[in-house]
Amino acid sequence: MSLQFRYRLIKKVLTTARPRAIAHLTRNYVVQGLQVLRQNLTGRLYPTAMHLEITTYCRFDCQGCYITSDERRDESIMPDDVAERAIQWGKRHGVGIFTLIGGEPLTTATLPLIKKIVAKHSSVAFFCCSNAAIFSTAPDAVAGILELDNLSIVVSLDGFAETNDALRGHGSFQRTMRAARTLREQRCFFGVLVTLRRCNLAEATSPEFVSFLSDSGFHYLGYSISEGIDASLLQDVLTRAARLMGQFPIFLYCTDVGPMDLPSGAYRHRIVYVSRDGRILNDRRERIVITDIEGTDGGAETVVECEPWKRRFTKGWRPRPCRPGVPDRF
C-alpha cells in the first residue's frame, strides 16, 4: 500500500468515526495480524479469531445462502451461557476478534445477547454481519448498540441496486444504504461484506462499485467467495480485487484468503467457528465438528491438531465448493 493511500484512508477514518472505536477495533485487528505473522515464522498455528453463530434464523432467502431452509426458520438463539463460555475460551487462547454471524445475527431477539456480551467483554473487538433489515424495522432498538466502541457493524451488499436486489430481495439495496447513513451519522466504524458470484463478479470488483462504497462512508470492504467461484475463476477474482487496493480510501480484505495485498490462506486470521449449540467447527460451510466448547477436550490443542482446520491457513489453500448438511465428525 502506498503512503498516499495510507494517508487518504487514515484521514477518512479519523474524520468520520469515533476515536475510541477506531483505536479499539484497529488495535485488536493489528494484534491479530501480528500473531498471524508470528505463526508463519514459528510454524505453530493457534486460533486468533472466533465466529459465533448466535442464530441460524433469517426471514430472507438470499441466493447462495449456505444455511438450509429448515435452519433459517429456527428462531432459536445461542444461550447466554454458551456465548459466555465460548468467549472465555477464546480469550484464554489469545483470541481478540469475535464475529457474530447467522442466519441474521442482528434482530430485536438477539439484541439483548449482543449488548450483554459486547459490553461485558470490552477488551476485545466484536464484528456483527447483518442484512441491515433492523435499521428499517426497528431503528430505535438498534440504536442502543451503536454507541459500543468495541462493536463494528458489517452490512451485506452484493452490487448496485438491480444486481443486489436480484440476489438479496427487492428493496434490500435501499435498506442497506439506509443503514449506512445511520452508521455514518453515528460516527461508527463500519464496513460492508460483498459475496462474489459469477453473476456479480465484474460489477462487484469494478472501480465504480468500490468508489461508490467508499463515497458512501464504508471504512472497509470484505469480499466473501461463493461456491460458484471455482478454481478456474479464483485467480481472476484475486487479481481484479488486488488492483483495487490503494485506488480508494477503503480497506480491502478477503474473508477466504486474507488481506488483498497478501492474498493467501497463510495470512488470514486463524478463525474457529462456534455453532449455536456450542460446537467448535473447522469452517462455517464444511461444518466438521472438532470438539465441544463444554467438553473436557475443548483446549486449543484439539483445534490445532485438526487437519481440516489447519489446511485452511496454508499458502496453497483455496475455498472449495461444499453443500450444507449434517456435519461430519473429526
# chains A, B, ... in the order shown; residues from 1 in each chain; ligands from 1
call {"tool": "residues_around", "arguments": {"residues": "region 153-165 of chain A", "least_positions_apart": "2", "cutoff": "8 Å", "atoms": "only C-alpha atoms", "output": "PyMOL selection string"}}
result
chain A and resi 127-132+151+167-174+176+179+189-196+200+203-204+209
call {"tool": "write_last_selection", "arguments": {"atoms": "C-alpha atoms", "output": "short mmCIF file (atom, residue, chain, number, x, y, z; two decimals), in the first residue's frame"}}
result
data_model
loop_
_atom_site.label_atom_id
_atom_site.label_comp_id
_atom_site.auth_asym_id
_atom_site.auth_seq_id
_atom_site.Cartn_x
_atom_site.Cartn_y
_atom_site.Cartn_z
CA PHE A 127 -17.92 -7.52 14.43
CA CYS A 128 -21.54 -8.24 13.51
CA CYS A 129 -22.57 -9.19 9.96
CA SER A 130 -26.10 -8.09 9.05
CA ASN A 131 -28.61 -7.79 6.21
CA ALA A 132 -29.44 -4.36 7.72
CA LEU A 151 -18.53 -3.29 18.08
CA LEU A 167 -29.73 -11.66 -5.29
CA ARG A 168 -30.91 -10.46 -1.88
CA GLY A 169 -34.54 -9.48 -2.46
CA HIS A 170 -36.46 -6.41 -3.61
CA GLY A 171 -35.67 -3.31 -1.59
CA SER A 172 -32.55 -4.74 0.05
CA PHE A 173 -30.25 -2.20 -1.62
CA GLN A 174 -32.14 0.78 -0.21
CA THR A 176 -28.61 -1.38 3.29
CA ALA A 179 -28.26 1.51 7.43
CA PHE A 189 -16.51 2.39 12.40
CA PHE A 190 -18.35 0.13 9.94
CA GLY A 191 -17.89 -1.98 6.84
CA VAL A 192 -19.55 -3.88 4.01
CA LEU A 193 -19.44 -7.56 3.05
CA VAL A 194 -19.75 -8.47 -0.63
CA THR A 195 -20.33 -12.09 -1.67
CA LEU A 196 -18.72 -12.74 -5.03
CA ASN A 200 -21.86 -10.17 -9.95
CA GLU A 203 -19.65 -5.41 -11.11
CA ALA A 204 -18.64 -6.09 -7.50
CA PHE A 209 -18.65 -0.02 -7.30
#
call {"tool": "atom_distance", "arguments": {"atom1": "CA of Gln32 (chain A)", "atom2": "CA of His269 (chain A)"}}
result
7.0 Å
call {"tool": "select_by_dssp", "arguments": {"residues": "region 79-322 of chain A", "states": "helix (DSSP H, G or I)", "output": "mmCIF file with C-alpha atoms, in the first residue's frame"}}
result
data_model
loop_
_atom_site.group_PDB
_atom_site.id
_atom_site.type_symbol
_atom_site.label_atom_id
_atom_site.label_comp_id
_atom_site.auth_asym_id
_atom_site.auth_seq_id
_atom_site.Cartn_x
_atom_site.Cartn_y
_atom_site.Cartn_z
ATOM 1 C CA ASP A 80 -26.171 -16.666 27.117
ATOM 2 C CA ASP A 81 -24.080 -19.230 28.990
ATOM 3 C CA VAL A 82 -22.869 -20.875 25.767
ATOM 4 C CA ALA A 83 -21.866 -17.495 24.333
ATOM 5 C CA GLU A 84 -20.080 -16.615 27.573
ATOM 6 C CA ARG A 85 -18.164 -19.915 27.662
ATOM 7 C CA ALA A 86 -17.179 -19.550 24.009
ATOM 8 C CA ILE A 87 -15.847 -16.022 24.520
ATOM 9 C CA GLN A 88 -13.991 -17.015 27.682
ATOM 10 C CA TRP A 89 -12.500 -19.983 25.811
ATOM 11 C CA GLY A 90 -11.367 -17.680 23.021
ATOM 12 C CA LYS A 91 -9.865 -15.100 25.363
ATOM 13 C CA ARG A 92 -7.942 -17.811 27.241
ATOM 14 C CA LEU A 111 -30.025 -7.549 20.676
ATOM 15 C CA PRO A 112 -30.076 -8.362 24.425
ATOM 16 C CA LEU A 113 -27.404 -11.055 23.965
ATOM 17 C CA ILE A 114 -25.273 -8.843 21.723
ATOM 18 C CA LYS A 115 -25.384 -5.872 24.056
ATOM 19 C CA LYS A 116 -24.616 -8.060 27.065
ATOM 20 C CA ILE A 117 -21.524 -9.799 25.674
ATOM 21 C CA VAL A 118 -20.093 -6.776 23.855
ATOM 22 C CA ALA A 119 -20.427 -4.522 26.899
ATOM 23 C CA LYS A 120 -19.044 -7.156 29.270
ATOM 24 C CA ILE A 134 -33.321 -3.955 11.614
ATOM 25 C CA PHE A 135 -32.244 -0.424 10.671
ATOM 26 C CA SER A 136 -35.578 -0.097 8.840
ATOM 27 C CA THR A 137 -37.869 -2.205 11.024
ATOM 28 C CA PRO A 139 -34.227 1.741 14.242
ATOM 29 C CA ASP A 140 -34.741 2.801 17.852
ATOM 30 C CA ALA A 141 -33.916 -0.679 19.150
ATOM 31 C CA VAL A 142 -30.645 -0.993 17.240
ATOM 32 C CA ALA A 143 -29.526 2.485 18.290
ATOM 33 C CA GLY A 144 -28.638 1.138 21.728
ATOM 34 C CA ILE A 145 -25.691 -0.919 20.463
ATOM 35 C CA ALA A 161 -29.430 -1.798 -6.790
ATOM 36 C CA GLU A 162 -30.533 -4.022 -9.684
ATOM 37 C CA THR A 163 -27.908 -6.705 -9.088
ATOM 38 C CA ASN A 164 -28.167 -6.668 -5.310
ATOM 39 C CA ASP A 165 -31.978 -6.836 -5.233
ATOM 40 C CA ALA A 166 -31.991 -9.750 -7.676
ATOM 41 C CA LEU A 167 -29.726 -11.662 -5.286
ATOM 42 C CA ARG A 168 -30.914 -10.456 -1.885
ATOM 43 C CA SER A 172 -32.551 -4.740 0.046
ATOM 44 C CA PHE A 173 -30.251 -2.198 -1.624
ATOM 45 C CA GLN A 174 -32.140 0.784 -0.213
ATOM 46 C CA ARG A 175 -32.378 -0.964 3.148
ATOM 47 C CA THR A 176 -28.609 -1.380 3.291
ATOM 48 C CA MET A 177 -27.908 2.182 2.210
ATOM 49 C CA ARG A 178 -30.312 3.445 4.880
ATOM 50 C CA ALA A 179 -28.260 1.513 7.433
ATOM 51 C CA ALA A 180 -25.046 3.002 6.051
ATOM 52 C CA ARG A 181 -26.428 6.513 6.504
ATOM 53 C CA THR A 182 -27.362 5.754 10.112
ATOM 54 C CA LEU A 183 -23.944 4.281 10.870
ATOM 55 C CA ARG A 184 -22.226 7.256 9.260
ATOM 56 C CA GLU A 185 -24.357 9.744 11.203
ATOM 57 C CA LEU A 201 -18.112 -10.709 -10.197
ATOM 58 C CA ALA A 202 -17.378 -7.982 -12.746
ATOM 59 C CA GLU A 203 -19.647 -5.413 -11.106
ATOM 60 C CA ALA A 204 -18.640 -6.095 -7.500
ATOM 61 C CA PRO A 207 -13.668 0.581 -9.667
ATOM 62 C CA GLU A 208 -17.109 2.204 -9.980
ATOM 63 C CA PHE A 209 -18.654 -0.017 -7.303
ATOM 64 C CA VAL A 210 -15.742 0.229 -4.869
ATOM 65 C CA SER A 211 -15.666 4.006 -5.360
ATOM 66 C CA PHE A 212 -19.396 4.098 -4.574
ATOM 67 C CA LEU A 213 -18.848 2.121 -1.362
ATOM 68 C CA SER A 214 -16.012 4.386 -0.291
ATOM 69 C CA ASP A 215 -18.055 7.517 -1.004
ATOM 70 C CA ALA A 231 -10.531 -22.691 -9.054
ATOM 71 C CA SER A 232 -10.538 -21.522 -12.674
ATOM 72 C CA LEU A 233 -12.089 -18.193 -11.669
ATOM 73 C CA LEU A 234 -10.472 -17.670 -8.287
ATOM 74 C CA GLN A 235 -7.180 -16.249 -9.516
ATOM 75 C CA ASP A 236 -9.048 -13.782 -11.715
ATOM 76 C CA VAL A 237 -11.104 -12.752 -8.675
ATOM 77 C CA LEU A 238 -7.979 -12.125 -6.604
ATOM 78 C CA THR A 239 -6.254 -10.247 -9.414
ATOM 79 C CA ARG A 240 -9.239 -7.971 -10.013
ATOM 80 C CA ALA A 241 -9.663 -7.253 -6.309
ATOM 81 C CA ALA A 242 -5.944 -6.660 -5.719
ATOM 82 C CA ARG A 243 -5.918 -3.985 -8.435
ATOM 83 C CA LEU A 244 -8.418 -2.001 -6.379
ATOM 84 C CA GLY A 265 -4.555 -18.610 3.341
ATOM 85 C CA ALA A 266 -1.296 -18.245 5.265
ATOM 86 C CA TYR A 267 -2.143 -14.609 6.071
ATOM 87 C CA ALA A 300 -6.775 -25.182 21.764
ATOM 88 C CA GLU A 301 -4.597 -28.259 21.227
ATOM 89 C CA THR A 302 -7.629 -30.184 19.976
ATOM 90 C CA VAL A 303 -8.338 -27.473 17.423
ATOM 91 C CA VAL A 304 -4.794 -27.030 16.121
ATOM 92 C CA GLU A 307 -6.176 -31.265 9.781
ATOM 93 C CA PRO A 308 -9.364 -29.817 8.177
ATOM 94 C CA TRP A 309 -8.818 -26.701 10.315
ATOM 95 C CA LYS A 310 -5.052 -26.393 9.724
ATOM 96 C CA ARG A 311 -5.186 -26.742 5.946
ATOM 97 C CA ARG A 312 -7.239 -23.549 5.642
ATOM 98 C CA PHE A 313 -4.224 -21.491 6.719
#
call {"tool": "residues_around", "arguments": {"residues": "Ile97 (chain A)", "least_positions_apart": "4", "cutoff": "8 Å", "atoms": "only C-alpha atoms", "output": "ChimeraX atom specification"}}
result
/A:28-29,32,48-50,124-127
call {"tool": "write_last_selection", "arguments": {"atoms": "N, CA and C atoms", "output": "PDB file, in the first residue's frame"}}
result
ATOM      1  N   ASN A  28      -7.020  -4.219  18.021  1.00  0.00           N
ATOM      2  CA  ASN A  28      -7.252  -5.659  18.047  1.00  0.00           C
ATOM      3  C   ASN A  28      -6.966  -6.299  16.697  1.00  0.00           C
ATOM      4  N   TYR A  29      -7.308  -5.601  15.610  1.00  0.00           N
ATOM      5  CA  TYR A  29      -7.043  -6.141  14.279  1.00  0.00           C
ATOM      6  C   TYR A  29      -5.543  -6.264  14.042  1.00  0.00           C
ATOM      7  N   GLN A  32      -3.970  -9.143  16.056  1.00  0.00           N
ATOM      8  CA  GLN A  32      -4.244 -10.445  15.449  1.00  0.00           C
ATOM      9  C   GLN A  32      -3.382 -10.661  14.208  1.00  0.00           C
ATOM     10  N   THR A  48      -6.762 -17.161  16.393  1.00  0.00           N
ATOM     11  CA  THR A  48      -6.645 -15.719  16.646  1.00  0.00           C
ATOM     12  C   THR A  48      -7.994 -15.014  16.534  1.00  0.00           C
ATOM     13  N   ALA A  49      -8.996 -15.689  15.994  1.00  0.00           N
ATOM     14  CA  ALA A  49     -10.317 -15.075  15.812  1.00  0.00           C
ATOM     15  C   ALA A  49     -11.390 -16.148  15.968  1.00  0.00           C
ATOM     16  N   MET A  50     -12.592 -15.709  16.319  1.00  0.00           N
ATOM     17  CA  MET A  50     -13.698 -16.647  16.511  1.00  0.00           C
ATOM     18  C   MET A  50     -14.967 -16.095  15.876  1.00  0.00           C
ATOM     19  N   VAL A 124     -11.989  -6.809  23.995  1.00  0.00           N
ATOM     20  CA  VAL A 124     -11.850  -7.451  22.691  1.00  0.00           C
ATOM     21  C   VAL A 124     -12.777  -6.773  21.688  1.00  0.00           C
ATOM     22  N   ALA A 125     -12.566  -7.054  20.410  1.00  0.00           N
ATOM     23  CA  ALA A 125     -13.353  -6.437  19.344  1.00  0.00           C
ATOM     24  C   ALA A 125     -14.426  -7.398  18.842  1.00  0.00           C
ATOM     25  N   PHE A 126     -15.604  -6.853  18.582  1.00  0.00           N
ATOM     26  CA  PHE A 126     -16.704  -7.627  18.015  1.00  0.00           C
ATOM     27  C   PHE A 126     -17.098  -7.027  16.665  1.00  0.00           C
ATOM     28  N   PHE A 127     -17.358  -7.908  15.714  1.00  0.00           N
ATOM     29  CA  PHE A 127     -17.919  -7.519  14.427  1.00  0.00           C
ATOM     30  C   PHE A 127     -19.239  -8.264  14.277  1.00  0.00           C
TER      31      PHE A 127
END
call {"tool": "select_by_dssp", "arguments": {"residues": "region 77-225 of chain A", "states": "strand (DSSP E or B)", "output": "JSON, numbers by chain"}}
result
{"A": [77, 97, 98, 99, 100, 101, 125, 126, 127, 128, 129, 130, 151, 152, 153, 154, 155, 156, 191, 192, 193, 194, 195, 196, 220, 221, 222, 223, 224, 225]}
call {"tool": "residues_around", "arguments": {"residues": "Pro249 (chain A)", "least_positions_apart": "6", "cutoff": "8 Å", "atoms": "only C-alpha atoms", "output": "CSV table (one decimal) with C-alpha atoms, in the first residue's frame"}}
result
chain,number,residue,atom,x,y,z
A,5,PHE,CA,-3.3,5.6,0.1
A,6,ARG,CA,-2.5,5.2,3.8
A,8,ARG,CA,-6.2,9.1,2.5
A,9,LEU,CA,-7.5,6.1,4.4
A,12,LYS,CA,-11.1,9.4,6.1
A,214,SER,CA,-16.0,4.4,-0.3
A,219,HIS,CA,-14.4,2.1,6.1
call {"tool": "residues_around", "arguments": {"residues": "Ile101 (chain A)", "least_positions_apart": "6", "cutoff": "10 Å", "atoms": "only C-alpha atoms", "output": "PyMOL selection string"}}
result
chain A and resi 51-56+127-130+273-276+284
call {"tool": "write_last_selection", "arguments": {"atoms": "C-alpha atoms", "output": "PDB file, in the first residue's frame"}}
result
ATOM      1  CA  HIS A  51     -17.009 -16.625  14.660  1.00  0.00           C
ATOM      2  CA  LEU A  52     -20.054 -17.080  16.892  1.00  0.00           C
ATOM      3  CA  GLU A  53     -23.132 -18.400  15.090  1.00  0.00           C
ATOM      4  CA  ILE A  54     -25.618 -16.869  17.521  1.00  0.00           C
ATOM      5  CA  THR A  55     -28.630 -17.910  15.423  1.00  0.00           C
ATOM      6  CA  THR A  56     -29.460 -19.584  12.119  1.00  0.00           C
ATOM      7  CA  PHE A 127     -17.919  -7.519  14.427  1.00  0.00           C
ATOM      8  CA  CYS A 128     -21.536  -8.241  13.511  1.00  0.00           C
ATOM      9  CA  CYS A 129     -22.572  -9.186   9.963  1.00  0.00           C
ATOM     10  CA  SER A 130     -26.096  -8.085   9.052  1.00  0.00           C
ATOM     11  CA  TYR A 273     -16.285 -21.323  14.396  1.00  0.00           C
ATOM     12  CA  VAL A 274     -18.703 -21.967  17.248  1.00  0.00           C
ATOM     13  CA  SER A 275     -22.199 -23.144  16.362  1.00  0.00           C
ATOM     14  CA  ARG A 276     -25.346 -22.040  18.159  1.00  0.00           C
ATOM     15  CA  ARG A 284     -18.855 -22.352   8.713  1.00  0.00           C
TER      16      ARG A 284
END
call {"tool": "closest_residue", "arguments": {"among": "A:Leu34, A:Leu25, A:Ile280, A:Ala17", "to": "Phe218 (chain A)", "atoms": "only C-alpha atoms"}}
result
A:Ala17
call {"tool": "residues_around", "arguments": {"residues": "region 251-255 of chain A", "least_positions_apart": "2", "cutoff": "7 Å", "atoms": "only C-alpha atoms", "output": "ChimeraX atom specification"}}
result
/A:219-224,245,249,257-260
call {"tool": "residues_around", "arguments": {"residues": "Arg59 (chain A)", "least_positions_apart": "3", "cutoff": "9 Å", "atoms": "only C-alpha atoms", "output": "ChimeraX atom specification"}}
result
/A:72-73,103-104
call {"tool": "decode", "arguments": {"residues": "region 200-242 of chain A", "atoms": "N, CA and C atoms", "output": "PDB file, in the first residue's frame"}}
result
ATOM      1  N   ASN A 200     -22.166 -11.544 -10.387  1.00  0.00           N
ATOM      2  CA  ASN A 200     -21.863 -10.173  -9.954  1.00  0.00           C
ATOM      3  C   ASN A 200     -20.372  -9.883  -9.878  1.00  0.00           C
ATOM      4  N   LEU A 201     -19.565 -10.828 -10.343  1.00  0.00           N
ATOM      5  CA  LEU A 201     -18.112 -10.709 -10.197  1.00  0.00           C
ATOM      6  C   LEU A 201     -17.562  -9.429 -10.809  1.00  0.00           C
ATOM      7  N   ALA A 202     -17.918  -9.163 -12.066  1.00  0.00           N
ATOM      8  CA  ALA A 202     -17.378  -7.982 -12.746  1.00  0.00           C
ATOM      9  C   ALA A 202     -17.838  -6.695 -12.071  1.00  0.00           C
ATOM     10  N   GLU A 203     -19.110  -6.632 -11.718  1.00  0.00           N
ATOM     11  CA  GLU A 203     -19.647  -5.413 -11.106  1.00  0.00           C
ATOM     12  C   GLU A 203     -19.084  -5.184  -9.709  1.00  0.00           C
ATOM     13  N   ALA A 204     -19.049  -6.239  -8.900  1.00  0.00           N
ATOM     14  CA  ALA A 204     -18.640  -6.095  -7.500  1.00  0.00           C
ATOM     15  C   ALA A 204     -17.157  -5.800  -7.338  1.00  0.00           C
ATOM     16  N   THR A 205     -16.358  -6.100  -8.354  1.00  0.00           N
ATOM     17  CA  THR A 205     -14.925  -5.793  -8.287  1.00  0.00           C
ATOM     18  C   THR A 205     -14.545  -4.659  -9.235  1.00  0.00           C
ATOM     19  N   SER A 206     -15.538  -3.889  -9.655  1.00  0.00           N
ATOM     20  CA  SER A 206     -15.268  -2.768 -10.562  1.00  0.00           C
ATOM     21  C   SER A 206     -14.859  -1.531  -9.772  1.00  0.00           C
ATOM     22  N   PRO A 207     -14.025  -0.669 -10.345  1.00  0.00           N
ATOM     23  CA  PRO A 207     -13.668   0.581  -9.667  1.00  0.00           C
ATOM     24  C   PRO A 207     -14.892   1.433  -9.339  1.00  0.00           C
ATOM     25  N   GLU A 208     -15.912   1.390 -10.205  1.00  0.00           N
ATOM     26  CA  GLU A 208     -17.109   2.204  -9.980  1.00  0.00           C
ATOM     27  C   GLU A 208     -17.835   1.777  -8.703  1.00  0.00           C
ATOM     28  N   PHE A 209     -17.938   0.466  -8.485  1.00  0.00           N
ATOM     29  CA  PHE A 209     -18.654  -0.017  -7.303  1.00  0.00           C
ATOM     30  C   PHE A 209     -17.861   0.254  -6.026  1.00  0.00           C
ATOM     31  N   VAL A 210     -16.572  -0.003  -6.058  1.00  0.00           N
ATOM     32  CA  VAL A 210     -15.742   0.229  -4.869  1.00  0.00           C
ATOM     33  C   VAL A 210     -15.681   1.718  -4.545  1.00  0.00           C
ATOM     34  N   SER A 211     -15.637   2.558  -5.577  1.00  0.00           N
ATOM     35  CA  SER A 211     -15.666   4.006  -5.360  1.00  0.00           C
ATOM     36  C   SER A 211     -16.982   4.418  -4.703  1.00  0.00           C
ATOM     37  N   PHE A 212     -18.085   3.812  -5.162  1.00  0.00           N
ATOM     38  CA  PHE A 212     -19.396   4.098  -4.574  1.00  0.00           C
ATOM     39  C   PHE A 212     -19.427   3.720  -3.094  1.00  0.00           C
ATOM     40  N   LEU A 213     -18.876   2.563  -2.759  1.00  0.00           N
ATOM     41  CA  LEU A 213     -18.848   2.121  -1.362  1.00  0.00           C
ATOM     42  C   LEU A 213     -18.011   3.058  -0.506  1.00  0.00           C
ATOM     43  N   SER A 214     -16.879   3.466  -1.032  1.00  0.00           N
ATOM     44  CA  SER A 214     -16.012   4.386  -0.291  1.00  0.00           C
ATOM     45  C   SER A 214     -16.711   5.723  -0.070  1.00  0.00           C
ATOM     46  N   ASP A 215     -17.346   6.235  -1.116  1.00  0.00           N
ATOM     47  CA  ASP A 215     -18.055   7.517  -1.004  1.00  0.00           C
ATOM     48  C   ASP A 215     -19.266   7.425  -0.072  1.00  0.00           C
ATOM     49  N   SER A 216     -19.801   6.216   0.101  1.00  0.00           N
ATOM     50  CA  SER A 216     -20.962   6.023   0.978  1.00  0.00           C
ATOM     51  C   SER A 216     -20.568   5.952   2.446  1.00  0.00           C
ATOM     52  N   GLY A 217     -19.285   6.013   2.726  1.00  0.00           N
ATOM     53  CA  GLY A 217     -18.822   6.082   4.107  1.00  0.00           C
ATOM     54  C   GLY A 217     -18.267   4.810   4.696  1.00  0.00           C
ATOM     55  N   PHE A 218     -18.320   3.706   3.957  1.00  0.00           N
ATOM     56  CA  PHE A 218     -17.781   2.452   4.487  1.00  0.00           C
ATOM     57  C   PHE A 218     -16.272   2.576   4.694  1.00  0.00           C
ATOM     58  N   HIS A 219     -15.805   2.065   5.822  1.00  0.00           N
ATOM     59  CA  HIS A 219     -14.377   2.138   6.130  1.00  0.00           C
ATOM     60  C   HIS A 219     -13.607   0.924   5.624  1.00  0.00           C
ATOM     61  N   TYR A 220     -14.290  -0.194   5.486  1.00  0.00           N
ATOM     62  CA  TYR A 220     -13.613  -1.392   4.986  1.00  0.00           C
ATOM     63  C   TYR A 220     -14.592  -2.231   4.172  1.00  0.00           C
ATOM     64  N   LEU A 221     -14.025  -3.010   3.263  1.00  0.00           N
ATOM     65  CA  LEU A 221     -14.787  -3.861   2.354  1.00  0.00           C
ATOM     66  C   LEU A 221     -14.229  -5.274   2.443  1.00  0.00           C
ATOM     67  N   GLY A 222     -15.092  -6.218   2.794  1.00  0.00           N
ATOM     68  CA  GLY A 222     -14.696  -7.617   2.833  1.00  0.00           C
ATOM     69  C   GLY A 222     -15.352  -8.381   1.695  1.00  0.00           C
ATOM     70  N   TYR A 223     -14.549  -9.128   0.963  1.00  0.00           N
ATOM     71  CA  TYR A 223     -15.080 -10.000  -0.086  1.00  0.00           C
ATOM     72  C   TYR A 223     -15.193 -11.422   0.458  1.00  0.00           C
ATOM     73  N   SER A 224     -16.325 -12.062   0.189  1.00  0.00           N
ATOM     74  CA  SER A 224     -16.516 -13.468   0.522  1.00  0.00           C
ATOM     75  C   SER A 224     -16.728 -14.225  -0.781  1.00  0.00           C
ATOM     76  N   ILE A 225     -16.045 -15.334  -0.943  1.00  0.00           N
ATOM     77  CA  ILE A 225     -16.091 -16.076  -2.201  1.00  0.00           C
ATOM     78  C   ILE A 225     -17.146 -17.175  -2.110  1.00  0.00           C
ATOM     79  N   SER A 226     -18.106 -17.159  -3.039  1.00  0.00           N
ATOM     80  CA  SER A 226     -19.201 -18.128  -3.007  1.00  0.00           C
ATOM     81  C   SER A 226     -18.784 -19.439  -3.653  1.00  0.00           C
ATOM     82  N   GLU A 227     -19.674 -20.428  -3.549  1.00  0.00           N
ATOM     83  CA  GLU A 227     -19.413 -21.735  -4.145  1.00  0.00           C
ATOM     84  C   GLU A 227     -19.272 -21.662  -5.661  1.00  0.00           C
ATOM     85  N   GLY A 228     -19.904 -20.644  -6.278  1.00  0.00           N
ATOM     86  CA  GLY A 228     -19.868 -20.551  -7.733  1.00  0.00           C
ATOM     87  C   GLY A 228     -18.531 -20.132  -8.304  1.00  0.00           C
ATOM     88  N   ILE A 229     -17.638 -19.645  -7.456  1.00  0.00           N
ATOM     89  CA  ILE A 229     -16.306 -19.235  -7.921  1.00  0.00           C
ATOM     90  C   ILE A 229     -15.372 -20.420  -7.757  1.00  0.00           C
ATOM     91  N   ASP A 230     -15.161 -21.166  -8.836  1.00  0.00           N
ATOM     92  CA  ASP A 230     -14.296 -22.338  -8.743  1.00  0.00           C
ATOM     93  C   ASP A 230     -12.839 -21.945  -8.964  1.00  0.00           C
ATOM     94  N   ALA A 231     -11.968 -22.949  -8.964  1.00  0.00           N
ATOM     95  CA  ALA A 231     -10.531 -22.691  -9.054  1.00  0.00           C
ATOM     96  C   ALA A 231     -10.153 -21.937 -10.321  1.00  0.00           C
ATOM     97  N   SER A 232     -10.871 -22.177 -11.414  1.00  0.00           N
ATOM     98  CA  SER A 232     -10.538 -21.522 -12.674  1.00  0.00           C
ATOM     99  C   SER A 232     -10.816 -20.026 -12.644  1.00  0.00           C
ATOM    100  N   LEU A 233     -11.739 -19.608 -11.768  1.00  0.00           N
ATOM    101  CA  LEU A 233     -12.089 -18.193 -11.669  1.00  0.00           C
ATOM    102  C   LEU A 233     -11.412 -17.490 -10.503  1.00  0.00           C
ATOM    103  N   LEU A 234     -10.945 -18.263  -9.529  1.00  0.00           N
ATOM    104  CA  LEU A 234     -10.472 -17.670  -8.287  1.00  0.00           C
ATOM    105  C   LEU A 234      -9.304 -16.719  -8.493  1.00  0.00           C
ATOM    106  N   GLN A 235      -8.334 -17.117  -9.313  1.00  0.00           N
ATOM    107  CA  GLN A 235      -7.180 -16.249  -9.516  1.00  0.00           C
ATOM    108  C   GLN A 235      -7.584 -14.939 -10.174  1.00  0.00           C
ATOM    109  N   ASP A 236      -8.553 -15.007 -11.091  1.00  0.00           N
ATOM    110  CA  ASP A 236      -9.048 -13.782 -11.715  1.00  0.00           C
ATOM    111  C   ASP A 236      -9.718 -12.889 -10.683  1.00  0.00           C
ATOM    112  N   VAL A 237     -10.466 -13.511  -9.751  1.00  0.00           N
ATOM    113  CA  VAL A 237     -11.104 -12.752  -8.675  1.00  0.00           C
ATOM    114  C   VAL A 237     -10.059 -12.012  -7.858  1.00  0.00           C
ATOM    115  N   LEU A 238      -9.014 -12.723  -7.444  1.00  0.00           N
ATOM    116  CA  LEU A 238      -7.979 -12.125  -6.604  1.00  0.00           C
ATOM    117  C   LEU A 238      -7.224 -11.031  -7.342  1.00  0.00           C
ATOM    118  N   THR A 239      -6.969 -11.252  -8.621  1.00  0.00           N
ATOM    119  CA  THR A 239      -6.254 -10.247  -9.414  1.00  0.00           C
ATOM    120  C   THR A 239      -7.077  -8.973  -9.549  1.00  0.00           C
ATOM    121  N   ARG A 240      -8.364  -9.133  -9.855  1.00  0.00           N
ATOM    122  CA  ARG A 240      -9.239  -7.971 -10.013  1.00  0.00           C
ATOM    123  C   ARG A 240      -9.346  -7.190  -8.706  1.00  0.00           C
ATOM    124  N   ALA A 241      -9.513  -7.920  -7.601  1.00  0.00           N
ATOM    125  CA  ALA A 241      -9.663  -7.253  -6.309  1.00  0.00           C
ATOM    126  C   ALA A 241      -8.371  -6.577  -5.877  1.00  0.00           C
ATOM    127  N   ALA A 242      -7.232  -7.228  -6.129  1.00  0.00           N
ATOM    128  CA  ALA A 242      -5.944  -6.660  -5.719  1.00  0.00           C
ATOM    129  C   ALA A 242      -5.662  -5.345  -6.440  1.00  0.00           C
TER     130      ALA A 242
END
